[in-house]
>>> print(open('query23.cif').read())   # mmCIF, N, CA and C atoms
data_structure
loop_
_atom_site.label_atom_id
_atom_site.label_comp_id
_atom_site.auth_asym_id
_atom_site.auth_seq_id
_atom_site.Cartn_x
_atom_site.Cartn_y
_atom_site.Cartn_z
N MET R 1 177.44 154.77 148.80
CA MET R 1 176.25 153.97 148.90
C MET R 1 175.81 153.81 150.35
N ALA R 2 176.77 153.72 151.27
CA ALA R 2 176.43 153.56 152.69
C ALA R 2 175.66 154.77 153.20
N ALA R 3 176.01 155.96 152.69
CA ALA R 3 175.30 157.17 153.12
C ALA R 3 173.85 157.12 152.66
N LYS R 4 173.61 156.63 151.46
CA LYS R 4 172.24 156.51 150.96
C LYS R 4 171.43 155.54 151.81
N LYS R 5 172.03 154.40 152.17
CA LYS R 5 171.35 153.42 153.02
C LYS R 5 171.03 154.04 154.36
N SER R 6 171.99 154.75 154.92
CA SER R 6 171.80 155.38 156.21
C SER R 6 170.68 156.42 156.13
N GLU R 7 170.66 157.19 155.06
CA GLU R 7 169.62 158.19 154.87
C GLU R 7 168.25 157.52 154.72
N ARG R 8 168.21 156.44 153.95
CA ARG R 8 166.95 155.71 153.78
C ARG R 8 166.46 155.14 155.11
N ALA R 9 167.40 154.61 155.90
CA ALA R 9 167.04 154.07 157.21
C ALA R 9 166.50 155.17 158.12
N LEU R 10 167.12 156.34 158.07
CA LEU R 10 166.67 157.47 158.87
C LEU R 10 165.26 157.88 158.47
N VAL R 11 165.02 157.99 157.18
CA VAL R 11 163.70 158.37 156.68
C VAL R 11 162.66 157.31 157.05
N GLN R 12 163.02 156.04 156.94
CA GLN R 12 162.08 154.98 157.30
C GLN R 12 161.76 155.01 158.79
N GLU R 13 162.77 155.27 159.61
CA GLU R 13 162.53 155.36 161.06
C GLU R 13 161.57 156.51 161.36
N TRP R 14 161.76 157.64 160.69
CA TRP R 14 160.88 158.79 160.86
C TRP R 14 159.45 158.43 160.44
N ARG R 15 159.31 157.76 159.32
CA ARG R 15 157.98 157.35 158.85
C ARG R 15 157.33 156.36 159.81
N ASP R 16 158.14 155.50 160.41
CA ASP R 16 157.61 154.56 161.41
C ASP R 16 157.08 155.31 162.63
N VAL R 17 157.80 156.35 163.05
CA VAL R 17 157.36 157.17 164.19
C VAL R 17 156.03 157.85 163.85
N LEU R 18 155.95 158.43 162.66
CA LEU R 18 154.71 159.09 162.23
C LEU R 18 153.55 158.10 162.16
N ALA R 19 153.81 156.91 161.64
CA ALA R 19 152.76 155.90 161.52
C ALA R 19 152.29 155.44 162.90
N LEU R 20 153.21 155.25 163.83
CA LEU R 20 152.84 154.86 165.19
C LEU R 20 152.00 155.96 165.85
N HIS R 21 152.40 157.19 165.65
CA HIS R 21 151.63 158.32 166.19
C HIS R 21 150.22 158.33 165.61
N ALA R 22 150.10 158.17 164.31
CA ALA R 22 148.79 158.19 163.66
C ALA R 22 147.91 157.04 164.14
N ARG R 23 148.49 155.83 164.23
CA ARG R 23 147.71 154.68 164.71
C ARG R 23 147.29 154.86 166.16
N THR R 24 148.19 155.39 166.97
CA THR R 24 147.88 155.59 168.38
C THR R 24 146.79 156.64 168.56
N THR R 25 146.88 157.73 167.82
CA THR R 25 145.85 158.77 167.88
C THR R 25 144.50 158.21 167.47
N CYS R 26 144.46 157.42 166.41
CA CYS R 26 143.20 156.80 165.96
C CYS R 26 142.64 155.86 167.04
N GLU R 27 143.50 155.05 167.64
CA GLU R 27 143.06 154.14 168.70
C GLU R 27 142.52 154.92 169.90
N LEU R 28 143.21 156.00 170.26
CA LEU R 28 142.74 156.82 171.37
C LEU R 28 141.40 157.47 171.04
N ASP R 29 141.26 157.99 169.83
CA ASP R 29 139.98 158.59 169.43
C ASP R 29 138.85 157.58 169.52
N ARG R 30 139.10 156.35 169.05
CA ARG R 30 138.07 155.31 169.12
C ARG R 30 137.72 154.97 170.56
N ALA R 31 138.74 154.82 171.39
CA ALA R 31 138.52 154.43 172.79
C ALA R 31 137.80 155.52 173.58
N LEU R 32 138.09 156.77 173.28
CA LEU R 32 137.54 157.88 174.05
C LEU R 32 136.22 158.40 173.50
N HIS R 33 135.86 158.01 172.29
CA HIS R 33 134.66 158.51 171.63
C HIS R 33 133.40 158.34 172.48
N GLY R 34 133.25 157.21 173.11
CA GLY R 34 132.08 156.95 173.94
C GLY R 34 131.97 157.87 175.15
N TYR R 35 133.04 158.56 175.48
CA TYR R 35 133.04 159.48 176.60
C TYR R 35 132.90 160.94 176.14
N GLY R 36 132.70 161.12 174.83
CA GLY R 36 132.48 162.45 174.29
C GLY R 36 133.72 163.28 174.10
N ILE R 37 134.89 162.65 174.11
CA ILE R 37 136.14 163.38 173.89
C ILE R 37 137.02 162.61 172.92
N GLY R 38 138.02 163.29 172.40
CA GLY R 38 139.00 162.67 171.52
C GLY R 38 140.38 162.75 172.14
N ALA R 39 141.37 162.30 171.39
CA ALA R 39 142.75 162.26 171.89
C ALA R 39 143.26 163.66 172.24
N SER R 40 143.01 164.64 171.39
CA SER R 40 143.48 166.00 171.67
C SER R 40 142.75 166.60 172.87
N ASP R 41 141.45 166.31 172.98
CA ASP R 41 140.70 166.78 174.15
C ASP R 41 141.32 166.22 175.42
N PHE R 42 141.61 164.92 175.39
CA PHE R 42 142.20 164.28 176.57
C PHE R 42 143.54 164.91 176.91
N GLU R 43 144.35 165.23 175.90
CA GLU R 43 145.66 165.83 176.17
C GLU R 43 145.52 167.13 176.94
N VAL R 44 144.53 167.94 176.57
CA VAL R 44 144.30 169.20 177.29
C VAL R 44 143.88 168.90 178.72
N LEU R 45 142.94 167.97 178.91
CA LEU R 45 142.52 167.61 180.26
C LEU R 45 143.70 167.07 181.07
N ASP R 46 144.54 166.26 180.44
CA ASP R 46 145.69 165.66 181.10
C ASP R 46 146.68 166.72 181.57
N VAL R 47 146.98 167.68 180.71
CA VAL R 47 147.91 168.75 181.08
C VAL R 47 147.33 169.57 182.23
N LEU R 48 146.05 169.91 182.12
CA LEU R 48 145.42 170.69 183.19
C LEU R 48 145.38 169.91 184.50
N ALA R 49 145.05 168.62 184.43
CA ALA R 49 144.96 167.80 185.64
C ALA R 49 146.31 167.61 186.31
N GLU R 50 147.36 167.42 185.52
CA GLU R 50 148.68 167.21 186.10
C GLU R 50 149.21 168.47 186.76
N ALA R 51 148.82 169.62 186.26
CA ALA R 51 149.32 170.89 186.80
C ALA R 51 148.50 171.37 187.98
N ALA R 52 147.24 170.96 188.04
CA ALA R 52 146.33 171.51 189.04
C ALA R 52 146.37 170.71 190.33
N PRO R 53 146.46 171.39 191.45
CA PRO R 53 146.30 170.69 192.73
C PRO R 53 144.84 170.23 192.85
N ALA R 54 144.58 169.40 193.81
CA ALA R 54 143.24 168.82 193.97
C ALA R 54 142.15 169.89 194.08
N ASP R 55 142.49 171.05 194.58
CA ASP R 55 141.47 172.11 194.72
C ASP R 55 141.28 172.90 193.44
N GLY R 56 142.02 172.55 192.37
CA GLY R 56 141.85 173.22 191.09
C GLY R 56 142.41 174.62 191.04
N GLY R 57 143.39 174.92 191.87
CA GLY R 57 143.91 176.27 191.94
C GLY R 57 144.81 176.71 190.81
N THR R 58 145.20 175.83 189.91
CA THR R 58 146.13 176.21 188.85
C THR R 58 145.42 176.23 187.51
N ALA R 59 145.72 177.24 186.73
CA ALA R 59 145.17 177.36 185.38
C ALA R 59 146.34 177.61 184.42
N TYR R 60 146.11 177.32 183.16
CA TYR R 60 147.10 177.60 182.13
C TYR R 60 146.58 178.67 181.20
N ARG R 61 147.48 179.51 180.72
CA ARG R 61 147.13 180.40 179.63
C ARG R 61 147.00 179.57 178.36
N VAL R 62 146.18 180.02 177.43
CA VAL R 62 145.97 179.28 176.18
C VAL R 62 147.31 179.09 175.46
N GLN R 63 148.17 180.10 175.46
CA GLN R 63 149.47 179.97 174.80
C GLN R 63 150.32 178.87 175.44
N GLU R 64 150.26 178.77 176.77
CA GLU R 64 151.02 177.73 177.47
C GLU R 64 150.47 176.33 177.13
N LEU R 65 149.16 176.22 177.07
CA LEU R 65 148.54 174.94 176.69
C LEU R 65 148.93 174.56 175.27
N ALA R 66 148.90 175.52 174.36
CA ALA R 66 149.23 175.25 172.96
C ALA R 66 150.63 174.66 172.84
N ALA R 67 151.56 175.18 173.61
CA ALA R 67 152.93 174.66 173.57
C ALA R 67 153.01 173.25 174.15
N ARG R 68 152.19 172.96 175.15
CA ARG R 68 152.23 171.65 175.80
C ARG R 68 151.53 170.56 175.00
N VAL R 69 150.48 170.90 174.27
CA VAL R 69 149.72 169.89 173.54
C VAL R 69 150.01 169.90 172.04
N HIS R 70 150.92 170.75 171.61
CA HIS R 70 151.39 170.78 170.23
C HIS R 70 150.27 171.03 169.23
N LEU R 71 149.45 172.03 169.54
CA LEU R 71 148.42 172.50 168.62
C LEU R 71 148.65 173.98 168.38
N SER R 72 148.18 174.47 167.26
CA SER R 72 148.25 175.91 167.03
C SER R 72 147.32 176.58 168.03
N GLN R 73 147.56 177.85 168.27
CA GLN R 73 146.73 178.56 169.23
C GLN R 73 145.28 178.61 168.75
N SER R 74 145.06 178.75 167.44
CA SER R 74 143.68 178.81 166.95
C SER R 74 142.99 177.45 167.08
N ALA R 75 143.70 176.36 166.77
CA ALA R 75 143.11 175.02 166.93
C ALA R 75 142.81 174.75 168.40
N LEU R 76 143.72 175.14 169.27
CA LEU R 76 143.49 174.94 170.70
C LEU R 76 142.32 175.78 171.20
N SER R 77 142.19 176.99 170.71
CA SER R 77 141.06 177.84 171.12
C SER R 77 139.74 177.19 170.76
N ARG R 78 139.65 176.59 169.57
CA ARG R 78 138.42 175.89 169.17
C ARG R 78 138.18 174.67 170.07
N LEU R 79 139.25 173.93 170.36
CA LEU R 79 139.13 172.75 171.22
C LEU R 79 138.68 173.16 172.62
N VAL R 80 139.27 174.20 173.17
CA VAL R 80 138.90 174.68 174.51
C VAL R 80 137.45 175.14 174.51
N ALA R 81 137.00 175.79 173.43
CA ALA R 81 135.60 176.22 173.35
C ALA R 81 134.67 175.01 173.40
N ARG R 82 135.03 173.92 172.72
CA ARG R 82 134.21 172.69 172.77
C ARG R 82 134.20 172.11 174.18
N LEU R 83 135.38 172.06 174.80
CA LEU R 83 135.46 171.52 176.16
C LEU R 83 134.67 172.39 177.14
N GLU R 84 134.70 173.69 176.93
CA GLU R 84 133.94 174.60 177.80
C GLU R 84 132.43 174.38 177.59
N LYS R 85 132.03 174.24 176.34
CA LYS R 85 130.60 173.99 176.05
C LYS R 85 130.12 172.69 176.70
N SER R 86 131.03 171.71 176.78
CA SER R 86 130.72 170.44 177.44
C SER R 86 130.81 170.52 178.95
N GLY R 87 131.27 171.65 179.47
CA GLY R 87 131.36 171.83 180.92
C GLY R 87 132.60 171.23 181.55
N LEU R 88 133.59 170.86 180.72
CA LEU R 88 134.79 170.21 181.26
C LEU R 88 135.89 171.18 181.66
N VAL R 89 135.90 172.37 181.06
CA VAL R 89 136.86 173.41 181.42
C VAL R 89 136.12 174.73 181.52
N ALA R 90 136.77 175.69 182.16
CA ALA R 90 136.24 177.05 182.22
C ALA R 90 137.35 177.99 181.78
N ARG R 91 136.96 179.05 181.11
CA ARG R 91 137.92 180.07 180.69
C ARG R 91 137.66 181.35 181.47
N GLY R 92 138.74 182.08 181.71
CA GLY R 92 138.62 183.36 182.39
C GLY R 92 139.77 184.27 181.99
N MET R 93 139.62 185.52 182.29
CA MET R 93 140.65 186.51 181.97
C MET R 93 141.86 186.33 182.90
N CYS R 94 143.03 186.58 182.37
CA CYS R 94 144.24 186.57 183.18
C CYS R 94 144.25 187.81 184.07
N GLY R 95 144.58 187.62 185.32
CA GLY R 95 144.66 188.75 186.24
C GLY R 95 145.81 189.68 185.90
N GLU R 96 146.93 189.10 185.46
CA GLU R 96 148.12 189.91 185.20
C GLU R 96 148.15 190.51 183.80
N ASP R 97 147.34 189.99 182.88
CA ASP R 97 147.32 190.49 181.51
C ASP R 97 145.91 190.28 180.97
N ARG R 98 145.13 191.33 180.94
CA ARG R 98 143.71 191.21 180.57
C ARG R 98 143.50 190.75 179.13
N ARG R 99 144.55 190.73 178.32
CA ARG R 99 144.42 190.22 176.96
C ARG R 99 144.49 188.69 176.95
N GLY R 100 145.04 188.11 177.99
CA GLY R 100 145.23 186.66 178.04
C GLY R 100 144.00 185.94 178.59
N VAL R 101 143.91 184.67 178.23
CA VAL R 101 142.82 183.82 178.69
C VAL R 101 143.41 182.63 179.41
N ARG R 102 142.88 182.35 180.60
CA ARG R 102 143.31 181.19 181.38
C ARG R 102 142.25 180.11 181.28
N VAL R 103 142.72 178.86 181.32
CA VAL R 103 141.83 177.70 181.24
C VAL R 103 142.06 176.84 182.47
N VAL R 104 140.97 176.37 183.08
CA VAL R 104 141.05 175.54 184.27
C VAL R 104 140.04 174.40 184.15
N LEU R 105 140.37 173.26 184.74
CA LEU R 105 139.42 172.15 184.79
C LEU R 105 138.26 172.49 185.70
N THR R 106 137.07 172.07 185.31
CA THR R 106 135.91 172.17 186.20
C THR R 106 135.82 170.86 186.99
N ASP R 107 134.90 170.80 187.92
CA ASP R 107 134.68 169.55 188.65
C ASP R 107 134.28 168.44 187.68
N ALA R 108 133.42 168.76 186.71
CA ALA R 108 133.02 167.76 185.71
C ALA R 108 134.22 167.32 184.87
N GLY R 109 135.11 168.25 184.57
CA GLY R 109 136.32 167.92 183.81
C GLY R 109 137.23 166.98 184.59
N ARG R 110 137.36 167.23 185.90
CA ARG R 110 138.18 166.34 186.74
C ARG R 110 137.56 164.94 186.81
N GLU R 111 136.23 164.89 186.90
CA GLU R 111 135.55 163.59 186.95
C GLU R 111 135.73 162.83 185.63
N ARG R 112 135.52 163.50 184.50
CA ARG R 112 135.68 162.84 183.20
C ARG R 112 137.12 162.38 183.02
N TYR R 113 138.07 163.23 183.40
CA TYR R 113 139.48 162.88 183.30
C TYR R 113 139.77 161.62 184.12
N ALA R 114 139.32 161.58 185.37
CA ALA R 114 139.57 160.42 186.23
C ALA R 114 138.92 159.16 185.65
N GLU R 115 137.78 159.33 185.02
CA GLU R 115 137.06 158.20 184.44
C GLU R 115 137.80 157.59 183.24
N VAL R 116 138.38 158.44 182.40
CA VAL R 116 139.00 157.93 181.17
C VAL R 116 140.51 157.74 181.27
N LEU R 117 141.12 158.24 182.33
CA LEU R 117 142.58 158.12 182.47
C LEU R 117 143.06 156.68 182.35
N PRO R 118 142.49 155.72 183.08
CA PRO R 118 143.00 154.35 182.95
C PRO R 118 142.86 153.79 181.53
N LEU R 119 141.78 154.14 180.85
CA LEU R 119 141.58 153.69 179.47
C LEU R 119 142.63 154.29 178.55
N GLN R 120 142.87 155.58 178.67
CA GLN R 120 143.86 156.24 177.82
C GLN R 120 145.25 155.66 178.06
N ARG R 121 145.61 155.47 179.32
CA ARG R 121 146.95 154.93 179.63
C ARG R 121 147.09 153.50 179.12
N ALA R 122 146.01 152.71 179.19
CA ALA R 122 146.06 151.33 178.68
C ALA R 122 146.27 151.32 177.17
N VAL R 123 145.57 152.20 176.46
CA VAL R 123 145.76 152.28 175.00
C VAL R 123 147.19 152.71 174.69
N LEU R 124 147.69 153.72 175.39
CA LEU R 124 149.07 154.16 175.17
C LEU R 124 150.06 153.02 175.40
N LYS R 125 149.90 152.31 176.50
CA LYS R 125 150.82 151.22 176.81
C LYS R 125 150.79 150.16 175.72
N ARG R 126 149.57 149.76 175.34
CA ARG R 126 149.44 148.72 174.31
C ARG R 126 150.06 149.17 172.99
N MET R 127 149.74 150.36 172.57
CA MET R 127 150.23 150.84 171.27
C MET R 127 151.75 151.03 171.27
N LEU R 128 152.26 151.60 172.34
CA LEU R 128 153.71 151.84 172.39
C LEU R 128 154.49 150.54 172.58
N ASP R 129 153.95 149.61 173.37
CA ASP R 129 154.61 148.31 173.51
C ASP R 129 154.62 147.57 172.19
N GLU R 130 153.48 147.56 171.50
CA GLU R 130 153.41 146.87 170.22
C GLU R 130 154.25 147.58 169.16
N GLY R 131 154.26 148.91 169.19
CA GLY R 131 155.07 149.67 168.24
C GLY R 131 156.55 149.41 168.44
N ALA R 132 156.98 149.32 169.70
CA ALA R 132 158.39 149.06 170.00
C ALA R 132 158.78 147.64 169.59
N ALA R 133 157.81 146.73 169.67
CA ALA R 133 158.08 145.34 169.30
C ALA R 133 158.01 145.13 167.79
N GLY R 134 157.57 146.16 167.07
CA GLY R 134 157.50 146.05 165.62
C GLY R 134 156.28 145.31 165.11
N THR R 135 155.26 145.15 165.98
CA THR R 135 154.04 144.49 165.55
C THR R 135 153.03 145.53 165.10
N THR R 136 151.97 145.09 164.50
CA THR R 136 150.92 145.99 164.08
C THR R 136 149.97 146.22 165.24
N PRO R 137 150.00 147.41 165.83
CA PRO R 137 149.16 147.69 166.99
C PRO R 137 147.68 147.59 166.66
N GLY R 138 146.92 147.15 167.64
CA GLY R 138 145.48 147.11 167.51
C GLY R 138 144.94 145.88 166.80
N ALA R 139 145.79 145.05 166.22
CA ALA R 139 145.32 143.93 165.43
C ALA R 139 144.73 142.82 166.28
N THR R 140 145.25 142.65 167.49
CA THR R 140 144.83 141.49 168.28
C THR R 140 144.00 141.83 169.49
N THR R 141 143.87 143.10 169.84
CA THR R 141 143.16 143.44 171.07
C THR R 141 141.85 144.14 170.78
N ARG R 142 140.97 144.09 171.73
CA ARG R 142 139.66 144.72 171.81
C ARG R 142 138.75 143.81 172.52
#
>>> encode(input="query23.cif", output="structure tokens")
Amino acid sequence: MAAKKSERALVQEWRDVLALHARTTCELDRALHGYGIGASDFEVLDVLAEAAPADGGTAYRVQELAARVHLSQSALSRLVARLEKSGLVARGMCGEDRRGVRVVLTDAGRERYAEVLPLQRAVLKRMLDEGAAGTTPGATTR
């Protein structure tokens, strides 16, 4: 019987993690909507911004981004196309492998990222603090 309880507790903990992730993603989407981006869009901008020096000299291959933001390559390609259409990223051919595509932040992408970074981090902090405390995130703030 103890094994069953332990298994149930493990499954419940996993479901709690999934629920916190879903609530946090929804909160991020709501918070970022007014800036024309969503949670996944921000993740791509965040990865690119953290890797790029101030002069924008670093780019990621689409495959590398997909691994960092946990999206399929096809889903990421569609997301990058939207970001490119919005002028936030630029795509170009890889110098070392002409089949590959590199993605880099544009100046507009760096500006949008800097503008929404504090908001995104505040939502993350609130949701993760409330999730760790076992409260229902988002119920008392706005």
>>> closest_residue(input="query23.cif", among="R:Leu88, R:Tyr35, R:Met127, R:Gln63", to="Thr106 of chain R", atoms="only N, CA and C atoms")
R:Leu88
>>> select_by_dssp(input="query23.cif", residues="chain R", states="alpha helix (DSSP H)", output="PyMOL selection string")
chain R and resi 2-33+39-51+62-69+73-85+107-133
>>> resolve_selection(input="query23.cif", expression="the PyMOL selection byres (((chain R and resi 36-46 and name CA) around 8) and name CA)", output="ChimeraX atom specification")
/R:25,28-30,32-35,47-50,65,69,79,83,105,109-110,113
>>> write_last_selection(input="query23.cif", atoms="N, CA and C atoms", output="mmCIF file, in the frame of the given file")
data_model
loop_
_atom_site.group_PDB
_atom_site.id
_atom_site.type_symbol
_atom_site.label_atom_id
_atom_site.label_comp_id
_atom_site.auth_asym_id
_atom_site.auth_seq_id
_atom_site.Cartn_x
_atom_site.Cartn_y
_atom_site.Cartn_z
ATOM 1 N N THR R 25 146.880 157.730 167.820
ATOM 2 C CA THR R 25 145.850 158.770 167.880
ATOM 3 C C THR R 25 144.500 158.210 167.470
ATOM 4 N N LEU R 28 143.210 156.000 170.260
ATOM 5 C CA LEU R 28 142.740 156.820 171.370
ATOM 6 C C LEU R 28 141.400 157.470 171.040
ATOM 7 N N ASP R 29 141.260 157.990 169.830
ATOM 8 C CA ASP R 29 139.980 158.590 169.430
ATOM 9 C C ASP R 29 138.850 157.580 169.520
ATOM 10 N N ARG R 30 139.100 156.350 169.050
ATOM 11 C CA ARG R 30 138.070 155.310 169.120
ATOM 12 C C ARG R 30 137.720 154.970 170.560
ATOM 13 N N LEU R 32 138.090 156.770 173.280
ATOM 14 C CA LEU R 32 137.540 157.880 174.050
ATOM 15 C C LEU R 32 136.220 158.400 173.500
ATOM 16 N N HIS R 33 135.860 158.010 172.290
ATOM 17 C CA HIS R 33 134.660 158.510 171.630
ATOM 18 C C HIS R 33 133.400 158.340 172.480
ATOM 19 N N GLY R 34 133.250 157.210 173.110
ATOM 20 C CA GLY R 34 132.080 156.950 173.940
ATOM 21 C C GLY R 34 131.970 157.870 175.150
ATOM 22 N N TYR R 35 133.040 158.560 175.480
ATOM 23 C CA TYR R 35 133.040 159.480 176.600
ATOM 24 C C TYR R 35 132.900 160.940 176.140
ATOM 25 N N VAL R 47 146.980 167.680 180.710
ATOM 26 C CA VAL R 47 147.910 168.750 181.080
ATOM 27 C C VAL R 47 147.330 169.570 182.230
ATOM 28 N N LEU R 48 146.050 169.910 182.120
ATOM 29 C CA LEU R 48 145.420 170.690 183.190
ATOM 30 C C LEU R 48 145.380 169.910 184.500
ATOM 31 N N ALA R 49 145.050 168.620 184.430
ATOM 32 C CA ALA R 49 144.960 167.800 185.640
ATOM 33 C C ALA R 49 146.310 167.610 186.310
ATOM 34 N N GLU R 50 147.360 167.420 185.520
ATOM 35 C CA GLU R 50 148.680 167.210 186.100
ATOM 36 C C GLU R 50 149.210 168.470 186.760
ATOM 37 N N LEU R 65 149.160 176.220 177.070
ATOM 38 C CA LEU R 65 148.540 174.940 176.690
ATOM 39 C C LEU R 65 148.930 174.560 175.270
ATOM 40 N N VAL R 69 150.480 170.900 174.270
ATOM 41 C CA VAL R 69 149.720 169.890 173.540
ATOM 42 C C VAL R 69 150.010 169.900 172.040
ATOM 43 N N LEU R 79 139.250 173.930 170.360
ATOM 44 C CA LEU R 79 139.130 172.750 171.220
ATOM 45 C C LEU R 79 138.680 173.160 172.620
ATOM 46 N N LEU R 83 135.380 172.060 174.800
ATOM 47 C CA LEU R 83 135.460 171.520 176.160
ATOM 48 C C LEU R 83 134.670 172.390 177.140
ATOM 49 N N LEU R 105 140.370 173.260 184.740
ATOM 50 C CA LEU R 105 139.420 172.150 184.790
ATOM 51 C C LEU R 105 138.260 172.490 185.700
ATOM 52 N N GLY R 109 135.110 168.250 184.570
ATOM 53 C CA GLY R 109 136.320 167.920 183.810
ATOM 54 C C GLY R 109 137.230 166.980 184.590
ATOM 55 N N ARG R 110 137.360 167.230 185.900
ATOM 56 C CA ARG R 110 138.180 166.340 186.740
ATOM 57 C C ARG R 110 137.560 164.940 186.810
ATOM 58 N N TYR R 113 138.070 163.230 183.400
ATOM 59 C CA TYR R 113 139.480 162.880 183.300
ATOM 60 C C TYR R 113 139.770 161.620 184.120
#
>>> atom_distance(input="query23.cif", atom1="atom CA of Ser86 of chain R", atom2="atom N of Glu111 of chain R")
12.3 Å
>>> select_by_dssp(input="query23.cif", residues="chain R", states="strand (DSSP E or B)", output="ChimeraX atom specification")
/R:60-61,89-93,101-105
>>> write_last_selection(input="query23.cif", atoms="N, CA and C atoms", output="JSON list (two decimals), keeping the file's coordinate frame")
[["chain", "number", "residue", "atom", "x", "y", "z"],
["R", 60, "TYR", "N", 146.11, 177.32, 183.16],
["R", 60, "TYR", "CA", 147.10, 177.60, 182.13],
["R", 60, "TYR", "C", 146.58, 178.67, 181.20],
["R", 61, "ARG", "N", 147.48, 179.51, 180.72],
["R", 61, "ARG", "CA", 147.13, 180.40, 179.63],
["R", 61, "ARG", "C", 147.00, 179.57, 178.36],
["R", 89, "VAL", "N", 135.90, 172.37, 181.06],
["R", 89, "VAL", "CA", 136.86, 173.41, 181.42],
["R", 89, "VAL", "C", 136.12, 174.73, 181.52],
["R", 90, "ALA", "N", 136.77, 175.69, 182.16],
["R", 90, "ALA", "CA", 136.24, 177.05, 182.22],
["R", 90, "ALA", "C", 137.35, 177.99, 181.78],
["R", 91, "ARG", "N", 136.96, 179.05, 181.11],
["R", 91, "ARG", "CA", 137.92, 180.07, 180.69],
["R", 91, "ARG", "C", 137.66, 181.35, 181.47],
["R", 92, "GLY", "N", 138.74, 182.08, 181.71],
["R", 92, "GLY", "CA", 138.62, 183.36, 182.39],
["R", 92, "GLY", "C", 139.77, 184.27, 181.99],
["R", 93, "MET", "N", 139.62, 185.52, 182.29],
["R", 93, "MET", "CA", 140.65, 186.51, 181.97],
["R", 93, "MET", "C", 141.86, 186.33, 182.90],
["R", 101, "VAL", "N", 143.91, 184.67, 178.23],
["R", 101, "VAL", "CA", 142.82, 183.82, 178.69],
["R", 101, "VAL", "C", 143.41, 182.63, 179.41],
["R", 102, "ARG", "N", 142.88, 182.35, 180.60],
["R", 102, "ARG", "CA", 143.31, 181.19, 181.38],
["R", 102, "ARG", "C", 142.25, 180.11, 181.28],
["R", 103, "VAL", "N", 142.72, 178.86, 181.32],
["R", 103, "VAL", "CA", 141.83, 177.70, 181.24],
["R", 103, "VAL", "C", 142.06, 176.84, 182.47],
["R", 104, "VAL", "N", 140.97, 176.37, 183.08],
["R", 104, "VAL", "CA", 141.05, 175.54, 184.27],
["R", 104, "VAL", "C", 140.04, 174.40, 184.15],
["R", 105, "LEU", "N", 140.37, 173.26, 184.74],
["R", 105, "LEU", "CA", 139.42, 172.15, 184.79],
["R", 105, "LEU", "C", 138.26, 172.49, 185.70]]
>>> atom_distance(input="query23.cif", atom1="atom CA of Ser77 of chain R", atom2="atom CA of Glu27 of chain R")
23.9 Å
>>> atom_distance(input="query23.cif", atom1="atom CA of Ala90 of chain R", atom2="atom CA of Glu115 of chain R")
19.0 Å
>>> closest_residue(input="query23.cif", among="R:Ala31, R:Ala67, R:Val103, R:Ala75", to="Val123 of chain R", atoms="only C-alpha atoms")
R:Ala31
>>> decode(input="query23.cif", residues="segment 77-98 of chain R", atoms="C-alpha atoms", output="CSV table (one decimal), in the first residue's frame")
chain,number,residue,atom,x,y,z
R,77,SER,CA,10.3,27.9,-37.6
R,78,ARG,CA,6.7,29.3,-37.7
R,79,LEU,CA,7.4,31.3,-34.5
R,80,VAL,CA,10.6,32.7,-36.0
R,81,ALA,CA,8.8,33.6,-39.2
R,82,ARG,CA,6.3,35.6,-37.1
R,83,LEU,CA,9.0,37.3,-35.2
R,84,GLU,CA,10.8,38.1,-38.5
R,85,LYS,CA,7.6,39.6,-40.0
R,86,SER,CA,7.3,41.8,-36.9
R,87,GLY,CA,10.9,42.9,-37.4
R,88,LEU,CA,12.2,41.5,-34.1
R,89,VAL,CA,14.6,38.9,-35.5
R,90,ALA,CA,16.4,38.3,-38.8
R,91,ARG,CA,17.2,35.0,-40.5
R,92,GLY,CA,20.2,34.3,-42.6
R,93,MET,CA,22.1,31.4,-44.1
R,94,CYS,CA,24.8,29.7,-42.0
R,95,GLY,CA,28.2,30.4,-43.4
R,96,GLU,CA,29.5,27.0,-42.4
R,97,ASP,CA,26.5,25.0,-43.7
R,98,ARG,CA,24.3,26.6,-46.4
